[in-house]
Structures are given as C-alpha cells and as structure tokens.
file final.cif (mmCIF, C-alpha atoms and all ligand atoms)
data_protein
#
loop_
_atom_site.label_atom_id
_atom_site.label_comp_id
_atom_site.auth_asym_id
_atom_site.auth_seq_id
_atom_site.Cartn_x
_atom_site.Cartn_y
_atom_site.Cartn_z
CA MET A 5 -42.93 30.94 1.73
CA PRO A 6 -42.20 31.63 5.41
CA GLN A 7 -42.77 28.67 7.72
CA PRO A 8 -46.02 28.74 9.71
CA VAL A 9 -45.72 29.53 13.41
CA ILE A 10 -47.19 26.57 15.31
CA LEU A 11 -48.08 26.52 18.99
CA HIS A 12 -48.49 23.12 20.63
CA HIS A 13 -50.75 24.03 23.54
CA TYR A 14 -54.07 23.45 25.26
CA ASP A 15 -56.66 26.09 26.05
CA PHE A 16 -56.66 25.47 29.83
CA SER A 17 -52.87 26.08 30.06
CA PRO A 18 -51.95 29.44 31.63
CA PHE A 19 -48.42 29.51 30.21
CA SER A 20 -49.96 28.96 26.77
CA GLU A 21 -52.20 31.96 27.37
CA LYS A 22 -49.04 34.05 27.79
CA VAL A 23 -47.87 33.11 24.29
CA ARG A 24 -51.34 33.48 22.75
CA LEU A 25 -51.36 37.05 24.10
CA ALA A 26 -47.90 37.67 22.63
CA PHE A 27 -49.34 36.69 19.23
CA GLY A 28 -52.18 39.12 19.96
CA LEU A 29 -49.81 41.95 20.86
CA LYS A 30 -48.02 41.47 17.57
CA GLY A 31 -51.13 40.80 15.49
CA MET A 32 -49.65 37.52 14.25
CA GLU A 33 -51.21 34.61 12.43
CA TRP A 34 -50.45 31.24 14.06
CA HIS A 35 -51.48 27.62 14.03
CA ALA A 36 -52.76 25.83 17.11
CA VAL A 37 -52.01 22.15 17.68
CA ASP A 38 -53.98 20.77 20.58
CA VAL A 39 -51.85 18.76 23.01
CA PRO A 40 -53.20 16.44 25.74
CA VAL A 41 -53.16 18.01 29.23
CA ALA A 42 -51.14 15.09 30.61
CA MET A 43 -48.85 12.33 29.38
CA PRO A 44 -48.81 10.45 27.07
CA LYS A 45 -48.23 13.08 24.35
CA PRO A 46 -47.21 10.87 21.43
CA ASP A 47 -47.31 13.61 18.79
CA LEU A 48 -45.25 16.04 20.87
CA MET A 49 -42.41 13.74 21.95
CA PRO A 50 -40.88 13.28 18.47
CA LEU A 51 -40.47 17.07 18.30
CA THR A 52 -39.22 17.74 21.82
CA GLY A 53 -37.11 14.69 22.63
CA GLY A 54 -39.09 14.22 25.86
CA TYR A 55 -39.92 17.80 26.95
CA ARG A 56 -43.61 17.56 27.84
CA ARG A 57 -44.70 20.93 29.15
CA ALA A 58 -47.09 23.31 27.47
CA PRO A 59 -46.61 25.31 25.42
CA VAL A 60 -43.99 24.48 22.79
CA MET A 61 -43.54 26.57 19.65
CA GLN A 62 -42.51 25.06 16.33
CA VAL A 63 -41.25 26.85 13.25
CA GLY A 64 -40.32 24.25 10.64
CA ALA A 65 -37.78 21.93 12.24
CA ASP A 66 -36.99 24.34 15.08
CA ILE A 67 -38.67 23.70 18.40
CA TYR A 68 -38.75 26.33 21.16
CA CYS A 69 -39.29 25.17 24.72
CA ASP A 70 -40.39 27.39 27.61
CA THR A 71 -42.25 30.67 27.28
CA LEU A 72 -39.18 32.74 28.19
CA LEU A 73 -37.48 31.59 25.02
CA ILE A 74 -40.67 31.36 22.96
CA LEU A 75 -41.29 35.08 23.52
CA ARG A 76 -37.72 35.97 22.53
CA GLU A 77 -38.17 34.02 19.32
CA VAL A 78 -41.55 35.62 18.61
CA GLU A 79 -39.80 38.98 19.04
CA ARG A 80 -37.12 37.95 16.55
CA LEU A 81 -39.74 36.83 14.03
CA ARG A 82 -41.90 39.94 14.40
CA PRO A 83 -39.98 42.78 16.08
CA GLU A 84 -42.84 45.31 16.18
CA PRO A 85 -44.60 46.14 18.39
CA SER A 86 -41.94 45.02 20.82
CA LEU A 87 -42.46 42.66 23.72
CA TYR A 88 -39.62 44.58 25.39
CA PRO A 89 -40.44 48.23 24.61
CA GLY A 90 -37.88 50.92 25.37
CA GLY A 91 -35.03 48.55 26.14
CA THR A 92 -36.89 46.64 28.88
CA GLU A 93 -35.80 43.11 27.92
CA GLY A 94 -33.69 42.50 31.03
CA VAL A 95 -36.21 43.84 33.48
CA ALA A 96 -39.07 42.05 31.68
CA HIS A 97 -37.24 38.70 32.02
CA ALA A 98 -36.53 39.36 35.70
CA VAL A 99 -40.12 40.36 36.51
CA SER A 100 -41.44 37.36 34.56
CA TYR A 101 -39.17 34.95 36.38
CA TRP A 102 -40.11 36.34 39.79
CA ILE A 103 -43.87 36.35 39.28
CA GLU A 104 -44.12 32.97 37.56
CA ARG A 105 -41.96 31.21 40.11
CA THR A 106 -43.83 32.73 43.04
CA ILE A 107 -47.47 32.42 42.03
CA PHE A 108 -47.89 29.49 39.63
CA VAL A 109 -48.54 26.78 42.24
CA PRO A 110 -50.28 28.98 44.86
CA ALA A 111 -52.65 30.55 42.29
CA ALA A 112 -53.40 27.20 40.65
CA SER A 113 -54.13 25.78 44.11
CA LEU A 114 -56.57 28.60 44.85
CA ALA A 115 -58.42 27.60 41.67
CA THR A 116 -58.36 23.90 42.61
CA SER A 117 -59.63 24.73 46.11
CA ILE A 118 -62.82 25.61 44.19
CA ILE A 119 -62.84 23.26 41.18
CA GLY A 120 -60.46 20.48 42.30
CA ASP A 121 -63.34 18.02 42.65
CA GLN A 122 -64.34 18.60 39.01
CA LEU A 123 -60.94 17.55 37.65
CA PRO A 124 -60.44 13.91 36.68
CA ARG A 125 -58.75 11.90 39.41
CA GLU A 126 -56.11 10.69 36.90
CA PHE A 127 -55.19 14.33 36.18
CA ILE A 128 -54.66 15.04 39.91
CA GLU A 129 -52.59 11.85 40.25
CA GLU A 130 -50.49 12.67 37.19
CA ARG A 131 -49.72 16.17 38.44
CA LYS A 132 -48.77 14.70 41.83
CA SER A 133 -45.97 12.72 40.26
CA PHE A 134 -44.98 15.37 37.71
CA MET A 135 -45.06 18.42 40.00
CA ASN A 136 -44.82 16.81 43.38
CA HIS A 137 -47.93 18.76 44.31
CA ASP A 138 -51.43 17.64 45.27
CA PHE A 139 -54.11 19.69 43.49
CA SER A 140 -57.03 17.74 44.99
CA LYS A 141 -59.81 19.91 46.43
CA GLU A 142 -59.19 18.66 49.98
CA VAL A 143 -55.49 19.51 50.00
CA SER A 144 -56.02 22.80 48.14
CA LEU A 145 -58.64 23.82 50.72
CA ARG A 146 -56.36 22.81 53.56
CA ASP A 147 -53.58 25.03 52.15
CA ARG A 148 -55.83 27.89 51.08
CA SER A 149 -54.76 30.40 53.73
CA LEU A 150 -51.08 29.85 52.96
CA ASN A 151 -51.70 30.22 49.23
CA LEU A 152 -53.76 33.38 49.77
CA GLN A 153 -50.81 34.88 51.64
CA ARG A 154 -48.40 33.94 48.87
CA VAL A 155 -50.55 35.19 46.00
CA HIS A 156 -51.49 38.44 47.73
CA ALA A 157 -47.86 39.22 48.60
CA SER A 158 -46.95 39.10 44.90
CA VAL A 159 -50.13 40.78 43.69
CA ALA A 160 -49.39 43.68 46.06
CA TRP A 161 -46.11 44.27 44.22
CA LEU A 162 -47.95 44.25 40.89
CA GLY A 163 -50.22 46.93 42.37
CA LEU A 164 -47.16 48.97 43.31
CA MET A 165 -45.86 48.73 39.75
CA LEU A 166 -49.09 50.31 38.48
CA ARG A 167 -48.96 53.18 40.99
CA GLY A 168 -49.42 56.68 39.64
CA GLY A 169 -51.72 55.50 36.86
CA ARG A 170 -49.12 53.59 34.83
CA PRO A 171 -51.13 51.51 32.32
CA PHE A 172 -48.72 48.56 32.12
CA LEU A 173 -46.19 47.10 34.55
CA LEU A 174 -43.12 48.59 32.89
CA GLY A 175 -44.60 51.78 31.49
CA ASP A 176 -46.96 53.04 28.79
CA ALA A 177 -46.75 50.02 26.51
CA PRO A 178 -47.48 46.33 27.19
CA SER A 179 -44.42 44.10 27.60
CA ALA A 180 -43.56 40.47 28.22
CA ALA A 181 -43.75 41.26 31.96
CA ASP A 182 -47.48 42.00 31.67
CA LEU A 183 -48.14 38.73 29.89
CA SER A 184 -46.19 36.77 32.54
CA ALA A 185 -48.00 38.46 35.42
CA PHE A 186 -51.41 38.12 33.78
CA HIS A 187 -51.76 34.45 32.97
CA MET A 188 -52.09 32.93 36.46
CA LEU A 189 -54.55 35.62 37.57
CA TRP A 190 -56.48 34.93 34.38
CA PHE A 191 -56.48 31.20 35.19
CA THR A 192 -57.73 31.66 38.77
CA ARG A 193 -60.46 34.10 37.76
CA LYS A 194 -61.56 32.02 34.78
CA ASN A 195 -61.79 28.77 36.72
CA GLY A 196 -62.66 30.07 40.17
CA GLY A 197 -65.75 32.08 39.19
CA ALA A 198 -67.15 34.49 41.80
CA GLU A 199 -65.35 32.70 44.63
CA GLY A 200 -61.98 32.98 42.85
CA GLU A 201 -62.67 36.63 42.13
CA ALA A 202 -63.43 37.27 45.80
CA MET A 203 -60.25 35.47 46.92
CA LEU A 204 -58.06 37.57 44.64
CA ALA A 205 -59.80 40.80 45.69
CA LEU A 206 -57.97 42.70 42.97
CA GLU A 207 -57.83 46.46 43.42
CA PRO A 208 -59.44 48.55 40.63
CA ALA A 209 -56.08 49.44 39.04
CA LEU A 210 -55.23 45.73 38.67
CA LEU A 211 -58.66 44.88 37.28
CA ALA A 212 -58.32 47.66 34.69
CA TRP A 213 -54.79 46.45 33.86
CA MET A 214 -56.11 42.90 33.35
CA GLU A 215 -58.71 44.22 30.93
CA ARG A 216 -56.02 46.06 28.98
CA VAL A 217 -53.89 42.92 28.74
CA ALA A 218 -56.84 40.69 27.77
CA ALA A 219 -57.74 43.21 25.05
CA LEU A 220 -54.47 42.35 23.25
CA GLY A 221 -56.33 39.25 22.05
CA HIS A 222 -54.75 36.20 20.46
CA GLY A 223 -53.97 37.34 16.91
CA THR A 224 -55.31 35.09 14.16
CA ARG A 225 -55.55 31.48 15.27
CA ARG A 226 -56.00 28.55 12.90
CA GLU A 227 -56.29 24.95 14.06
CA MET A 228 -53.78 22.38 12.76
CA PRO A 229 -53.82 18.59 13.20
CA SER A 230 -50.74 17.30 15.03
CA ALA A 231 -49.81 15.00 12.10
CA GLU A 232 -49.49 18.05 9.84
CA ALA A 233 -47.09 19.73 12.29
CA LEU A 234 -44.97 16.57 12.39
CA ASP A 235 -44.96 16.43 8.57
CA ILE A 236 -43.81 20.06 8.44
CA ALA A 237 -40.91 19.26 10.77
CA ARG A 238 -39.91 16.27 8.64
CA ALA A 239 -40.01 18.30 5.45
CA SER A 240 -37.91 21.14 6.93
CA GLU A 241 -34.27 21.73 7.75
CA PRO A 242 -33.43 23.29 11.11
CA ARG A 243 -32.24 26.87 10.72
CA ASN A 244 -28.76 28.08 11.60
CA PRO A 245 -29.24 29.14 15.23
CA GLY A 246 -27.08 32.23 14.84
CA LEU A 247 -25.29 31.54 18.12
CA PRO A 248 -21.60 30.83 18.68
CA ALA A 249 -20.99 27.08 18.33
CA ASP A 250 -18.78 26.98 21.41
CA GLY A 251 -20.34 29.87 23.31
CA ASP A 252 -21.46 27.85 26.30
CA PRO A 253 -20.22 29.65 29.44
CA SER A 254 -19.22 26.35 31.08
CA GLY A 255 -17.15 25.12 28.14
CA LEU A 256 -19.53 22.59 26.58
CA ARG A 257 -18.61 22.08 22.93
CA ALA A 258 -20.72 21.83 19.77
CA GLY A 259 -21.28 18.19 18.83
CA GLN A 260 -20.97 17.01 22.41
CA GLU A 261 -23.78 14.77 23.75
CA VAL A 262 -25.64 16.67 26.46
CA VAL A 263 -28.58 16.24 28.80
CA VAL A 264 -31.00 19.11 29.42
CA ARG A 265 -33.24 19.22 32.50
CA ALA A 266 -35.69 21.78 33.85
CA ASP A 267 -34.45 22.95 37.22
CA ASP A 268 -37.89 22.92 38.85
CA ARG A 269 -40.71 20.53 37.96
CA GLY A 270 -40.64 17.49 35.68
CA ARG A 271 -36.90 16.98 35.54
CA ASP A 272 -36.99 14.20 32.93
CA PRO A 273 -33.82 14.35 30.81
CA ILE A 274 -33.85 15.57 27.21
CA ARG A 275 -30.87 14.22 25.31
CA GLY A 276 -29.16 15.41 22.17
CA ALA A 277 -25.97 16.76 20.65
CA LEU A 278 -25.19 20.39 21.42
CA VAL A 279 -25.51 22.53 18.29
CA ALA A 280 -24.75 25.96 19.72
CA ALA A 281 -25.11 27.88 22.94
CA ASP A 282 -24.60 31.16 24.70
CA ALA A 283 -25.50 32.50 28.12
CA GLN A 284 -29.17 32.80 27.19
CA GLU A 285 -29.94 29.85 24.94
CA ALA A 286 -28.85 26.29 24.27
CA VAL A 287 -29.76 24.41 21.09
CA ILE A 288 -29.57 20.65 20.80
CA MET A 289 -30.06 18.35 17.83
CA HIS A 290 -32.50 15.49 18.22
CA ARG A 291 -33.25 12.86 15.58
CA ASN A 292 -35.98 10.26 15.15
CA ASP A 293 -37.79 8.41 12.38
CA ARG A 294 -40.97 10.49 12.48
CA VAL A 295 -39.45 13.96 12.01
CA GLY A 296 -35.79 13.42 11.09
CA ALA A 297 -33.48 16.02 12.62
CA VAL A 298 -34.87 18.87 14.72
CA HIS A 299 -33.18 21.62 16.70
CA ILE A 300 -34.62 22.01 20.19
CA HIS A 301 -34.04 25.40 21.82
CA PHE A 302 -34.00 25.99 25.59
CA PRO A 303 -33.44 29.11 27.67
CA ARG A 304 -30.55 28.92 30.15
CA VAL A 305 -32.50 30.33 33.09
CA GLY A 306 -34.63 27.46 34.35
CA PHE A 307 -32.70 24.68 32.60
CA ASP A 308 -29.49 22.82 33.39
CA VAL A 309 -27.35 21.55 30.52
CA GLN A 310 -24.72 18.94 31.33
CA ALA A 311 -22.36 16.68 29.42
CA ALA A 312 -24.06 13.29 28.98
CA SER A 313 -20.83 11.66 30.14
CA ARG A 314 -21.42 13.14 33.62
CA GLU A 315 -24.71 11.26 34.00
N1 LIG B 1 -41.41 27.48 32.61
C1 LIG B 1 -42.36 26.89 31.69
C2 LIG B 1 -43.58 26.41 32.47
C3 LIG B 1 -44.58 25.68 31.61
C4 LIG B 1 -45.57 24.88 32.43
O1 LIG B 1 -45.33 24.54 33.59
N2 LIG B 1 -46.68 24.55 31.79
C5 LIG B 1 -47.68 23.73 32.43
C6 LIG B 1 -49.04 24.02 31.80
S1 LIG B 1 -49.48 25.70 31.93
C7 LIG B 1 -47.38 22.28 32.09
O2 LIG B 1 -46.60 22.02 31.22
N3 LIG B 1 -47.98 21.32 32.75
C8 LIG B 1 -47.74 19.94 32.46
C9 LIG B 1 -48.20 19.50 31.12
O3 LIG B 1 -48.93 20.22 30.43
O4 LIG B 1 -47.87 18.39 30.73
C10 LIG B 1 -42.72 27.89 30.61
O5 LIG B 1 -42.50 29.10 30.81
O6 LIG B 1 -43.12 27.47 29.52
#

call {"tool": "encode", "arguments": {"input": "final.cif", "output": "structure tokens", "more": "lines below"}}
Ligand SMILES: N[C@@H](CCC(=O)N[C@@H](CS)C(=O)NCC(=O)O)C(=O)O
result
Amino acid sequence: MPQPVILHHYDFSPFSEKVRLAFGLKGMEWHAVDVPVAMPKPDLMPLTGGYRRAPVMQVGADIYCDTLLILREVERLRPEPSLYPGGTEGVAHAVSYWIERTIFVPAASLATSIIGDQLPREFIEERKSFMNHDFSKEVSLRDRSLNLQRVHASVAWLGLMLRGGRPFLLGDAPSAADLSAFHMLWFTRKNGGAEGEAMLALEPALLAWMERVAALGHGTRREMPSAEALDIARASEPRNPGLPADGDPSGLRAGQEVVVRADDRGRDPIRGALVAADAQEAVIMHRNDRVGAVHIHFPRVGFDVQAASRE
C-alpha cells in the first residue's frame, strides 16, 4: 500500500493554496490535517523539529518543508501532468522565488488594510514577533500606497508574461510558476472583497489566467485528524532520500549535527543529524518519543544549513 500524502495546512494559508492547486493539477488524492494559524502547534512540532510554517507535507516518516521542495516531491510522486512542463523546472523555480519574495508581505498587507480589524489581536501580535511585520489595519492602511506600488510592479511583469495570448506564465500548460504567482492574488481577492479587487485592478488577461489556475481545483481532499498523521509517522520508516550522503556543496558530512534556519522570516533553529544533501535539498534526521525517527527535507534556496558546532 502506498503511503497517504498528507498536507498539514490551514485553509486561510496562501502558500498552502499553492500546494492544494498542485494536487489539483495532478488529480491527486490527499489528506488534510488542519494546523493552527499560529503557535503553539503541538501536533506539528514532533514531525518538523520546530519548523512551524504552513504548509508541511508528510509521506510516512518523511516530512517536506517549504512549498519549493513540496512541489518537487509531488512531481516525483506523480510525474504527469508535469509541474515543470517542457523542461521549465529552472525557470519555474526562479519565477516562483521572485514573485513570492516580492509580493507576499505587500499583498497580505493590502488585504489587512481592509480586514485587519477583523483578525484577532493575538494573531496580529504573534505575526509581529514571527515576521517582524505589523498587519494591524492602522499600519496596513498607513503603508497602503507603498504596498500598491510594490504589488503592481510585480503584477505588471505577470501581465507581460501573458502577452500575445499565452494561457499560462511559461507557455501553453500550467506550471509551478503559475501556482506561485496565483496564491497571493487569490488571498487578496478572497479576503479583500470588492475593495481588494479594485486595488489590484487586474487586467482582463490576468483575470482570465486566474480563472484558469483556479479551475485546476484541489484534487480529492480527505480530512485526517492530526493524531492519525503522527501515528502514521511512528509506524513508518523514513525512505532512502536518494541523494549523495556527502553531497553538500560546503562539505557538511552525513551524520554531522546541523542547524537549519530559514533565511527570511521565523529563523528559529531546526536541529538534527544530516542524512544526505545536494545543492537543491538537505535532509536531516530528527527523533522524538511521539514519532520516533523522521527525515525532514528542506530546499537549499531559502534555508541555511550549518554545522551545530558553529553555533
Ligand atoms: N517559503 C515558505 C513560506 C511559507 C509561509 O510563510 N507560510 C505562512 C502561511 S501562508 C506561514 O507559515 N505563516 C506562519 C504560520 O503559519 O505559522 C513556503 O514556500 O512554504
């Protein structure tokens, strides 16, 4: 029996929407574990060794952090239809990195300039310490003109990519780049209502593109209690990562204790022993009483991996 594909996510999370759409593109069946929107996340921590962001994908005792790597793994599990059609993997990663880094905070702030006063105060406070950003309505309104400039500058480039009637950003077929460019616009439109729509002022080609991406759907979603996901991890063995044990470009060695940190927000350390690595992925082993041994996978872009002895 193949292991179920489990996504630890919450519905409001834009990055989770990216992965849900990847399941849709591939017509996959998956299991949804609902995660709290803010710490504490007691049923996620045993799996991730401290990584708290959404989403996280679990297959047995293998845990995939960050949507860049989650999509690569989804592609490995179900190669067709491809998330990187016609050899576009490199350009899809580059476009995804650019758009997510440039519009995540500005587009979220446009939404909170409308709905910031409806979010619980504790949520705003928690994000202030985690992201070093104030999503309160007052501050989001104060910064609205700056955020409009930032979002529109990037959205204009998306418009250029669709020039000449191209249906998707990289060509005739949807790719990971479309999913990465879609999710923040989806979030702002969904939460900002008519006012959000007016602020984005998307040109017709972008609106039609958004409809095409949304039509990919979410595949077949089944809910799963978090305890069941933890039990699955405990009952499973991590898979052989299929990477060179000592393939780390900086010379880190398998078995060595390392610390992994996101290079942008929420830089809390994740500790474990390096299992294998290459220029695109690092896998660490983490162990605890609830799940036993798990392999936690990180992409190299966006994460720093260092010898624990350098801490
Ligand atoms: N680079 C990450 C970004 C993920 C991210 O920032 N997710 C947001 C939610 S959409 C988050 O984790 N927020 C804090 C939290 O949920 O605890 C990825 O691609 O997965």

call {"tool": "residues_near_ligand", "arguments": {"input": "final.cif", "ligand": "ligand LIG 1 (chain B)", "cutoff": "6 Å", "atoms": "all atoms listed in the file", "output": "ChimeraX atom specification"}}
result
/A:17-19,41-42,56-59,70-72

call {"tool": "closest_residue", "arguments": {"input": "final.cif", "among": "A:Leu73, A:Ala312, A:Val143, A:Ala160", "to": "Tyr101 in chain A", "atoms": "all atoms listed in the file"}}
result
A:Leu73

call {"tool": "atom_distance", "arguments": {"input": "final.cif", "atom1": "CA of Ala258 in chain A", "atom2": "CA of Gln284 in chain A"}}
result
15.7 Å

call {"tool": "closest_residue", "arguments": {"input": "final.cif", "among": "A:Glu315, A:Glu199, A:Asp182, A:Glu79", "to": "Glu104 in chain A", "atoms": "all atoms listed in the file"}}
result
A:Asp182

call {"tool": "closest_residue", "arguments": {"input": "final.cif", "among": "A:Gln260, A:Ser313, A:Ser20, A:Gln153", "to": "Ile288 in chain A", "atoms": "all atoms listed in the file"}}
result
A:Gln260

call {"tool": "closest_residue", "arguments": {"input": "final.cif", "among": "A:Leu164, A:Ala233, A:Cys69, A:Ala212", "to": "Arg304 in chain A", "atoms": "only C-alpha atoms"}}
result
A:Cys69

call {"tool": "closest_residue", "arguments": {"input": "final.cif", "among": "A:Lys30, A:His222, A:Arg314, A:Arg24", "to": "Pro85 in chain A", "atoms": "all atoms listed in the file"}}
result
A:Lys30

call {"tool": "build_atoms", "arguments": {"input": "final.cif", "residues": "range 176-210 of chain A", "atoms": "N, CA and C atoms", "output": "PDB file, in the frame of the given file"}}
result
ATOM      1  N   ASP A 176     -45.768  52.715  29.589  1.00  0.00           N
ATOM      2  CA  ASP A 176     -46.960  53.040  28.790  1.00  0.00           C
ATOM      3  C   ASP A 176     -47.375  51.930  27.837  1.00  0.00           C
ATOM      4  N   ALA A 177     -46.442  51.048  27.507  1.00  0.00           N
ATOM      5  CA  ALA A 177     -46.750  50.020  26.510  1.00  0.00           C
ATOM      6  C   ALA A 177     -46.718  48.638  27.155  1.00  0.00           C
ATOM      7  N   PRO A 178     -47.517  47.690  26.643  1.00  0.00           N
ATOM      8  CA  PRO A 178     -47.480  46.330  27.190  1.00  0.00           C
ATOM      9  C   PRO A 178     -46.146  45.662  26.888  1.00  0.00           C
ATOM     10  N   SER A 179     -45.692  44.807  27.803  1.00  0.00           N
ATOM     11  CA  SER A 179     -44.420  44.100  27.600  1.00  0.00           C
ATOM     12  C   SER A 179     -44.602  42.643  28.013  1.00  0.00           C
ATOM     13  N   ALA A 180     -43.548  41.873  27.801  1.00  0.00           N
ATOM     14  CA  ALA A 180     -43.560  40.470  28.220  1.00  0.00           C
ATOM     15  C   ALA A 180     -43.886  40.341  29.702  1.00  0.00           C
ATOM     16  N   ALA A 181     -43.480  41.334  30.508  1.00  0.00           N
ATOM     17  CA  ALA A 181     -43.750  41.260  31.960  1.00  0.00           C
ATOM     18  C   ALA A 181     -45.254  41.232  32.221  1.00  0.00           C
ATOM     19  N   ASP A 182     -46.024  42.003  31.476  1.00  0.00           N
ATOM     20  CA  ASP A 182     -47.480  42.000  31.670  1.00  0.00           C
ATOM     21  C   ASP A 182     -48.064  40.632  31.362  1.00  0.00           C
ATOM     22  N   LEU A 183     -47.574  40.019  30.286  1.00  0.00           N
ATOM     23  CA  LEU A 183     -48.140  38.730  29.890  1.00  0.00           C
ATOM     24  C   LEU A 183     -47.820  37.667  30.949  1.00  0.00           C
ATOM     25  N   SER A 184     -46.607  37.743  31.527  1.00  0.00           N
ATOM     26  CA  SER A 184     -46.190  36.770  32.540  1.00  0.00           C
ATOM     27  C   SER A 184     -46.978  36.945  33.837  1.00  0.00           C
ATOM     28  N   ALA A 185     -47.285  38.200  34.166  1.00  0.00           N
ATOM     29  CA  ALA A 185     -48.000  38.460  35.420  1.00  0.00           C
ATOM     30  C   ALA A 185     -49.498  38.196  35.259  1.00  0.00           C
ATOM     31  N   PHE A 186     -49.964  38.231  34.046  1.00  0.00           N
ATOM     32  CA  PHE A 186     -51.410  38.120  33.780  1.00  0.00           C
ATOM     33  C   PHE A 186     -51.910  36.685  33.857  1.00  0.00           C
ATOM     34  N   HIS A 187     -51.122  35.728  33.317  1.00  0.00           N
ATOM     35  CA  HIS A 187     -51.760  34.450  32.970  1.00  0.00           C
ATOM     36  C   HIS A 187     -52.249  33.637  34.160  1.00  0.00           C
ATOM     37  N   MET A 188     -51.580  33.710  35.330  1.00  0.00           N
ATOM     38  CA  MET A 188     -52.090  32.930  36.460  1.00  0.00           C
ATOM     39  C   MET A 188     -53.318  33.588  37.085  1.00  0.00           C
ATOM     40  N   LEU A 189     -53.360  34.932  37.047  1.00  0.00           N
ATOM     41  CA  LEU A 189     -54.550  35.620  37.570  1.00  0.00           C
ATOM     42  C   LEU A 189     -55.741  35.312  36.658  1.00  0.00           C
ATOM     43  N   TRP A 190     -55.464  35.306  35.365  1.00  0.00           N
ATOM     44  CA  TRP A 190     -56.480  34.930  34.380  1.00  0.00           C
ATOM     45  C   TRP A 190     -57.017  33.520  34.683  1.00  0.00           C
ATOM     46  N   PHE A 191     -56.114  32.598  34.949  1.00  0.00           N
ATOM     47  CA  PHE A 191     -56.480  31.200  35.190  1.00  0.00           C
ATOM     48  C   PHE A 191     -57.369  31.091  36.437  1.00  0.00           C
ATOM     49  N   THR A 192     -56.974  31.767  37.512  1.00  0.00           N
ATOM     50  CA  THR A 192     -57.730  31.660  38.770  1.00  0.00           C
ATOM     51  C   THR A 192     -59.107  32.304  38.627  1.00  0.00           C
ATOM     52  N   ARG A 193     -59.154  33.438  37.947  1.00  0.00           N
ATOM     53  CA  ARG A 193     -60.460  34.100  37.760  1.00  0.00           C
ATOM     54  C   ARG A 193     -61.353  33.284  36.849  1.00  0.00           C
ATOM     55  N   LYS A 194     -60.761  32.759  35.776  1.00  0.00           N
ATOM     56  CA  LYS A 194     -61.560  32.020  34.780  1.00  0.00           C
ATOM     57  C   LYS A 194     -62.150  30.752  35.389  1.00  0.00           C
ATOM     58  N   ASN A 195     -61.340  30.052  36.186  1.00  0.00           N
ATOM     59  CA  ASN A 195     -61.790  28.770  36.720  1.00  0.00           C
ATOM     60  C   ASN A 195     -62.460  28.885  38.081  1.00  0.00           C
ATOM     61  N   GLY A 196     -62.144  29.955  38.803  1.00  0.00           N
ATOM     62  CA  GLY A 196     -62.660  30.070  40.170  1.00  0.00           C
ATOM     63  C   GLY A 196     -63.995  30.801  40.270  1.00  0.00           C
ATOM     64  N   GLY A 197     -64.463  31.384  39.181  1.00  0.00           N
ATOM     65  CA  GLY A 197     -65.750  32.080  39.190  1.00  0.00           C
ATOM     66  C   GLY A 197     -65.775  33.179  40.254  1.00  0.00           C
ATOM     67  N   ALA A 198     -66.968  33.397  40.828  1.00  0.00           N
ATOM     68  CA  ALA A 198     -67.150  34.490  41.800  1.00  0.00           C
ATOM     69  C   ALA A 198     -66.287  34.262  43.039  1.00  0.00           C
ATOM     70  N   GLU A 199     -66.138  32.990  43.434  1.00  0.00           N
ATOM     71  CA  GLU A 199     -65.350  32.700  44.630  1.00  0.00           C
ATOM     72  C   GLU A 199     -63.864  33.020  44.398  1.00  0.00           C
ATOM     73  N   GLY A 200     -63.376  32.689  43.205  1.00  0.00           N
ATOM     74  CA  GLY A 200     -61.980  32.980  42.850  1.00  0.00           C
ATOM     75  C   GLY A 200     -61.757  34.486  42.802  1.00  0.00           C
ATOM     76  N   GLU A 201     -62.715  35.164  42.233  1.00  0.00           N
ATOM     77  CA  GLU A 201     -62.670  36.630  42.130  1.00  0.00           C
ATOM     78  C   GLU A 201     -62.570  37.245  43.526  1.00  0.00           C
ATOM     79  N   ALA A 202     -63.402  36.722  44.429  1.00  0.00           N
ATOM     80  CA  ALA A 202     -63.430  37.270  45.800  1.00  0.00           C
ATOM     81  C   ALA A 202     -62.091  36.992  46.494  1.00  0.00           C
ATOM     82  N   MET A 203     -61.524  35.809  46.263  1.00  0.00           N
ATOM     83  CA  MET A 203     -60.250  35.470  46.920  1.00  0.00           C
ATOM     84  C   MET A 203     -59.121  36.377  46.445  1.00  0.00           C
ATOM     85  N   LEU A 204     -59.144  36.721  45.164  1.00  0.00           N
ATOM     86  CA  LEU A 204     -58.060  37.570  44.640  1.00  0.00           C
ATOM     87  C   LEU A 204     -58.243  39.021  45.080  1.00  0.00           C
ATOM     88  N   ALA A 205     -59.480  39.426  45.240  1.00  0.00           N
ATOM     89  CA  ALA A 205     -59.800  40.800  45.690  1.00  0.00           C
ATOM     90  C   ALA A 205     -58.900  41.834  45.022  1.00  0.00           C
ATOM     91  N   LEU A 206     -58.887  41.800  43.695  1.00  0.00           N
ATOM     92  CA  LEU A 206     -57.970  42.700  42.970  1.00  0.00           C
ATOM     93  C   LEU A 206     -58.425  44.149  43.094  1.00  0.00           C
ATOM     94  N   GLU A 207     -57.475  45.033  43.338  1.00  0.00           N
ATOM     95  CA  GLU A 207     -57.830  46.460  43.420  1.00  0.00           C
ATOM     96  C   GLU A 207     -58.189  46.963  42.017  1.00  0.00           C
ATOM     97  N   PRO A 208     -58.956  48.071  41.937  1.00  0.00           N
ATOM     98  CA  PRO A 208     -59.440  48.550  40.630  1.00  0.00           C
ATOM     99  C   PRO A 208     -58.330  48.734  39.594  1.00  0.00           C
ATOM    100  N   ALA A 209     -57.158  49.214  40.026  1.00  0.00           N
ATOM    101  CA  ALA A 209     -56.080  49.440  39.040  1.00  0.00           C
ATOM    102  C   ALA A 209     -55.643  48.119  38.417  1.00  0.00           C
ATOM    103  N   LEU A 210     -55.639  47.041  39.208  1.00  0.00           N
ATOM    104  CA  LEU A 210     -55.230  45.730  38.670  1.00  0.00           C
ATOM    105  C   LEU A 210     -56.313  45.146  37.763  1.00  0.00           C
TER     106      LEU A 210
END
